[in-house]
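Data first, discussion second: the structure below is written as structure tokens.
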Amino acid sequence: MAMEVATPAPAPIPAPEINIVLTPPTTAIAETHKKNRIQVSNTKKPLFFYVNLAKRYIQQHNEVELSALGMAITTVVTISEILKNNGLATEKKVLTSTVGMKDETKGRMVQKAKASFISFISPFSNCLINLLSNIIEIVLGKSDKFDSLVPPVTNGKTPEEEANAETEAAVEVQEEAAAATEA
């Protein structure tokens with residue numbers, strides 16, 4: 001009779017610790033739970049998801065605050081320009097700042113005002129990586145023409161659900177148009 005021998009699984013290799021603490025700009029600390037703030041990423045959702053979501057927030061709150069860190073700053077500027085160029089929003093405020101980084105060795109905050117990069121060693125490749133540490137916040141208000149350009153939403157969906165539905169509908173239209181041109 002054959003006997004099976006169980007071998008233990010190898011222990012996981014712990015990743016080296018990285019001690020980087022990012023803090024929001026001082027104006028954002030008191031306002032972190034705003035209902036009309038959209039924190040934009042340039043990798044998580046498509047551009048027009050954020051455009052549609054911003055329209056819904058403007059509709060509900062009469063203004064929207066778009067904020068982004070690093071590489072997503074260009075996405076926020078693009079969203080803002082789309083809304084302004086389509087006559088849906090007016091620019092109320094633009095705030096740019098840099099992230100403070102806590103120096104663990106000295107135990108104090110270090111502002112990165114001139115340098116726009118935070119550097120650290122990657123635990124995966126042992127190479128130096130720079131993270132852009134700039135922040136932008138743009139507040140857009142409802143334009144005078146907004147209500148005549150955007151129909152009211154009465155279906156009880158949240159702004160996020162409505163933006164997802166509008167984005168999916170736009171993608172379907174594009175796919176149908178592409179299929180029609182191929183046929």
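Chain lettering (A, B, ...) mirrors the order of the structure tokens, residue numbering begins at 1 for each chain separately, and ligand numbering begins at 1 in order of display.
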
Selection: 12 Å around range 33-47 of chain A, only C-alpha atoms, excl. self and same-chain fewer than 2 positions, as JSON, numbers by chain = {"A": [28, 29, 30, 31, 49, 50, 51, 52, 53, 54, 55, 56, 57, 58, 59, 60, 61, 62, 63, 64, 65, 66, 67, 68, 69, 70, 71, 72, 73, 74, 75, 76, 77, 78, 79, 80, 82, 135, 136, 137, 138, 139, 140, 141, 158, 159, 160, 163, 164, 166, 167, 168, 170, 171]}
